[in-house]
Amino acid sequence: MAWSTLEKFSQAEIAGIGMTSQRTRNRMVERLQQQGIQDSRVLDVMGSVPRHLFMDEAIATRAYEDVALPIGGGQTISQPFIVARMTEILLGTGSVNKVLEVGTGSGYQAAVLSRLVKKVYTCERILTLLRKAEERFERLAFQNIRTRYSDGSWGWPEQGPFDAIMVTAAPESIPDALTCQLAEGGRLVCPVGRREGEQLLTVVTRTEDTFNVETGESVRFVPFLSGKS
Ligand code: SAH
């Protein structure tokens, strides 16, 4: 794809103004801290990544509210607290170089991860969303994110094993292919559950010969679907 012809976002667009300004981002970070996010690396990155550029301009003034917002195709960009929480859990294992994200959506979560780890691999089953996210990565010069148009049930075997895997849509159960692509000591974080209101944030840690599963807080995610669209 002729990405190099895409115009980069200007510094003014990245900085934002009014409801998308640095002051507003700082207020979001303060709120995240009050809500219990402790990892200063996560807080710093969320204070700098321009979340308002990962959605349509028409709703960008709401970018820093603690809500999930529509991104097209019936999908949503997760609320800042959930992005922060899942990122914090993911980094908790120590050294994380290579991460797989399933469900690129707007690209915001991948962008946050890309500032915290060496390399992010992210896949999405809806082509129009993936293309928009790729355009954002290019216009914001995020260079350590690789994308793929695929059903993430199969993970990304050619690139595995991964130090960490994050799933940002909710399956009824975690696909085996994903846990199998975890490196030893690696961690997978995924919302699991049939319906909204029944999903629990689940963390799987791979040890030498077992998978340790822990379930945590109740969350709301769009469903994990199979096939491409
Ligand atoms: N991480 C995204 C959240 C987007 S919502 C963000 O920061 O914006 C979840 C996304 O997961 C949707 O875009 C949906 O299309 C995608 N998804 C659902 N099931 C999937 C699957 N099996 N493989 C890949 N992507 C999937």
# chains A, B, ... in the order shown; residues from 1 in each chain; ligands from 1
>>> residues_around(residues="Ala177 of chain A", least_positions_apart="3", cutoff="8 Å", atoms="only C-alpha atoms", output="PyMOL selection string")
chain A and resi 153-155+180-181
>>> closest_atom_pairs(of="segment 135-178 of chain A", to="segment 81-96 of chain A", cutoff="9 Å", atoms="only C-alpha atoms", output="CSV")
residue,atom,partner,partner_atom,distance
A:Phe162,CA,A:Val96,CA,8.6
A:Asp163,CA,A:Val96,CA,5.5
A:Ala164,CA,A:Leu90,CA,6.4
A:Ile165,CA,A:Leu90,CA,7.8
A:Met166,CA,A:Leu90,CA,7.6
>>> residues_near_ligand(ligand="ligand 1", cutoff="7 Å", atoms="only C-alpha atoms and all ligand atoms", output="VMD selection string")
chain A and resid 75 to 78 102 to 110 123 to 126 129 150 to 153 168 to 169 222 to 227
>>> residues_around(residues="Phe137 of chain A", least_positions_apart="5", cutoff="12 Å", atoms="only C-alpha atoms", output="PyMOL selection string")
chain A and resi 3-4+6-9+49-50+53-54+104+106-112+114+120+122+130-132+142-147
>>> select_by_dssp(residues="segment 11-144 of chain A", states="helix (DSSP H, G or I)", output="ChimeraX atom specification")
/A:11-15,18-20,22-34,40-48,51-54,57-62,80-91,108-114,127-139
>>> closest_residue(among="A:Met19, A:Val189, A:Met28, A:Val99", to="Glu57 of chain A", atoms="only C-alpha atoms")
A:Met19
>>> atom_distance(atom1="atom CA of Ser48 of chain A", atom2="atom CA of Val167 of chain A")
23.1 Å
>>> residues_around(residues="segment 201-214 of chain A", least_positions_apart="2", cutoff="8 Å", atoms="only C-alpha atoms", output="PyMOL selection string")
chain A and resi 179+182-192+199+216-219
>>> atom_distance(atom1="atom CA of Leu43 of chain A", atom2="atom CA of Gln22 of chain A")
13.4 Å
>>> select_by_dssp(residues="chain A", states="strand (DSSP E or B)", output="ChimeraX atom specification")
/A:69-72,75-77,98-102,119-124,145-149,162-167,170,182-192,199-206,211-219,223
>>> atom_distance(atom1="atom CA of Gln38 of chain A", atom2="atom CA of Ala141 of chain A")
27.8 Å
>>> residues_around(residues="Gly18 of chain A", least_positions_apart="3", cutoff="12 Å", atoms="only C-alpha atoms", output="JSON, numbers by chain")
{"A": [12, 13, 15, 21, 22, 23, 24, 25, 52, 60, 61, 62, 63, 64]}
>>> write_last_selection(atoms="N, CA and C atoms", output="CSV table (one decimal), in the first residue's frame")
chain,number,residue,atom,x,y,z
A,12,ALA,N,-0.1,20.3,15.8
A,12,ALA,CA,-1.3,21.0,16.4
A,12,ALA,C,-2.5,19.9,16.4
A,13,GLU,N,-2.6,19.1,15.4
A,13,GLU,CA,-3.7,18.1,15.4
A,13,GLU,C,-3.4,17.1,16.5
A,15,ALA,N,-1.6,17.6,19.3
A,15,ALA,CA,-1.7,18.2,20.6
A,15,ALA,C,-3.2,18.4,21.0
A,21,SER,N,-7.4,18.7,24.3
A,21,SER,CA,-6.1,19.3,24.6
A,21,SER,C,-5.3,18.4,25.7
A,22,GLN,N,-4.1,18.8,25.8
A,22,GLN,CA,-3.2,18.1,26.8
A,22,GLN,C,-3.8,18.2,28.2
A,23,ARG,N,-4.5,19.4,28.5
A,23,ARG,CA,-5.1,19.5,29.9
A,23,ARG,C,-6.2,18.4,30.1
A,24,THR,N,-6.9,18.2,29.0
A,24,THR,CA,-8.0,17.2,29.1
A,24,THR,C,-7.4,15.8,29.2
A,25,ARG,N,-6.3,15.5,28.5
A,25,ARG,CA,-5.6,14.2,28.7
A,25,ARG,C,-5.1,14.1,30.1
A,52,HIS,N,-8.0,11.2,20.7
A,52,HIS,CA,-9.0,11.8,19.9
A,52,HIS,C,-8.8,11.6,18.4
A,60,ALA,N,-14.9,13.3,18.5
A,60,ALA,CA,-13.6,13.4,19.1
A,60,ALA,C,-13.6,14.2,20.4
A,61,THR,N,-14.5,15.1,20.6
A,61,THR,CA,-14.6,15.9,21.8
A,61,THR,C,-14.9,15.1,23.0
A,62,ARG,N,-15.4,13.8,22.8
A,62,ARG,CA,-15.7,12.9,23.9
A,62,ARG,C,-14.6,11.9,24.1
A,63,ALA,N,-13.5,12.1,23.4
A,63,ALA,CA,-12.5,11.0,23.4
A,63,ALA,C,-11.9,10.8,24.8
A,64,TYR,N,-11.9,11.8,25.7
A,64,TYR,CA,-11.2,11.6,27.0
A,64,TYR,C,-12.2,11.3,28.1
>>> residues_around(residues="Pro80 of chain A", least_positions_apart="6", cutoff="8 Å", atoms="only C-alpha atoms", output="PDB file with C-alpha atoms, in the first residue's frame")
ATOM      1  CA  LEU A  32      -7.373   6.744  35.932  1.00  0.00           C
ATOM      2  CA  TYR A  64     -11.237  11.584  26.999  1.00  0.00           C
ATOM      3  CA  GLU A  65     -14.489  10.754  28.789  1.00  0.00           C
ATOM      4  CA  ASP A  66     -14.477   7.400  30.525  1.00  0.00           C
ATOM      5  CA  VAL A  67     -16.800   5.759  28.031  1.00  0.00           C
ATOM      6  CA  ALA A  68     -16.630   3.323  25.125  1.00  0.00           C
TER       7      ALA A  68
END
